[in-house]
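**Q** Could you have a look at this structure, given as structure tokens, before my questions?
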Amino acid sequence: MKNNDKASISLRKIVCISIILIFLLSIGVMAGNVKVNNVKIVLSSGYEMNILTTKTSVKDILDENHIVLLEDEKVTPDTSEELSDNNTIIISKESEEVEVYENIEKSSDVTTEDILNNYSKIVEKIVVEEEEIPYETITRDVTTGSGTKQDRVVQQGENGIREVTYRVKYQNGEEIEKTKVSSKVIKEPVDKIVEIRTKQVTTRGDSRTTYNGGTWTYTESELDLLCAITAQECSYSYTGALAVITTACNRTVSSSWKRYGSDPLSQYMAPSQFCYSIDNHWRKRLNGNYPDYVKQAVLDALNGKRNHTYLSFRAAGYHSGEIIGGNVYFNSL
């Protein structure tokens, strides 16, 4: 090969290498001139995120971070606009007013410390709260015959308590979201029970008689009602009738049952305890329609006689305990 040809090839190589070097240097200069922005994006939920980007179009920034606008959301600045001077993009609901952040510093020299300082964490906590369950008022009409009616509270109402667990999110110390996780009742409410009764009127022919050393006083009609309820619960024998009225007497001195009344008749008339509030079969026994030994058992009990210390009974066969007169007695004082 001639020397001229060799010189020509070497010159072409030098030119090609120079062009490549110039191209690479221009790319480096262009890359060095790209501006990196620290952009804050505020979502409609209140969550804030700080990102680093070289893009300036709002749409491009959202796309770059995989943020999709919902139908009821709007963005400030609009997706068709460039990033504003405050380097902030706010996504909000259509009905909300947007507060533009004016004082956020922007810098092309972004450090990790700058990002952490501008990042507001969302803290999630599990919170357990107690809530009251309001009691209900139940009114029962237990009037007998005609006469003046009166209301009597036979059971005071008491609110219950419910324990509710929430998942709560806080940002900057303020609650931004509260979600109910579970709920359980830790105390059932107690219904207030009001009975509408026929007012007992004492007349000359219906004088009051004292019993139990003067602790209890009953009219003849009230004594008749005591006997009728006792007979409906058990009229097979004197012993069985005495066991029934003894239960009511025992309850008047029990701390658990005292709330129903301080005398046997009030205990008999307590809701869902004896036959008085359960059915009306006892009515057919009024006006002396019961054996004489039932009345004698009631009178003996009112004057202090007892034949057991139990507080509850059921028909024999429905509970374990001591059987007296066809009923089984249990739950002793």
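FYI, nothing fancy with the structure tokens labels: chains A, B, ... in order, residues from 1 per chain, ligands from 1 as they appear.
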Residues within 7 Å of Leu52 of chain A, please, as a PyMOL selection string. Count only C-alpha atoms; anything in the same chain fewer than 2 positions from it doesn't count.
**A** chain A and resi 36-39
**Q** Find the spatial neighbours of Ser84 of chain A, counting only C-alpha atoms, within a cut-off of 10 Å - ignore same-chain residues fewer than 6 positions away - and output them as a VMD selection string.
**A** chain A and resid 56 to 58 76 to 77 102
**Q** Selected residues, N, CA and C atoms, written as a tab-separated table (two decimals), in the first residue's frame, please.
**A**
```tsv
chain	number	residue	atom	x	y	z
A	56	THR	N	-41.61	18.68	33.80
A	56	THR	CA	-42.26	19.93	34.22
A	56	THR	C	-43.74	19.94	33.90
A	57	SER	N	-44.22	19.02	33.10
A	57	SER	CA	-45.64	18.94	32.76
A	57	SER	C	-46.38	18.21	33.88
A	58	VAL	N	-47.50	18.78	34.32
A	58	VAL	CA	-48.28	18.16	35.39
A	58	VAL	C	-48.73	16.77	34.98
A	76	THR	N	-54.72	20.75	40.59
A	76	THR	CA	-54.23	22.12	40.48
A	76	THR	C	-52.71	22.11	40.57
A	77	PRO	N	-52.00	22.62	39.53
A	77	PRO	CA	-52.48	23.16	38.24
A	77	PRO	C	-53.13	22.06	37.39
A	102	GLU	N	-47.73	28.18	48.87
A	102	GLU	CA	-46.93	29.25	48.30
A	102	GLU	C	-45.50	29.26	48.81
```
**Q** I want to know what sits within 10 Å of segment 168-182 of chain A, based on only C-alpha atoms, with residues of the same chain fewer than 6 positions away left out; could you give that as a list in words?
**A** Ser45, Gly46, Tyr47, Glu48, Ser120, Lys121, Ile122, Val123, Glu124, Lys125, Ile126, Val127 and Val128 of chain A
**Q** Any idea what's packed within 12 Å of Glu136 of chain A, counting only C-alpha atoms, ignoring anything in its chain fewer than 4 positions away? Could you give it as a ChimeraX atom specification?
**A** /A:155-160,188-194
**Q** Give the answer as one residue: which of A:Leu69, A:Val154, A:Cys234, A:Cys16 has the shortest atom-to-atom distance to Lys258 of chain A, using only C-alpha atoms?
**A** A:Val154
**Q** Separation of atom CA of Ala270 of chain A and atom CA of Pro134 of chain A, in Å?
**A**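 Result for atom CA of Ala270 of chain A versus atom CA of Pro134 of chain A: 22.1 Å, one decimal.
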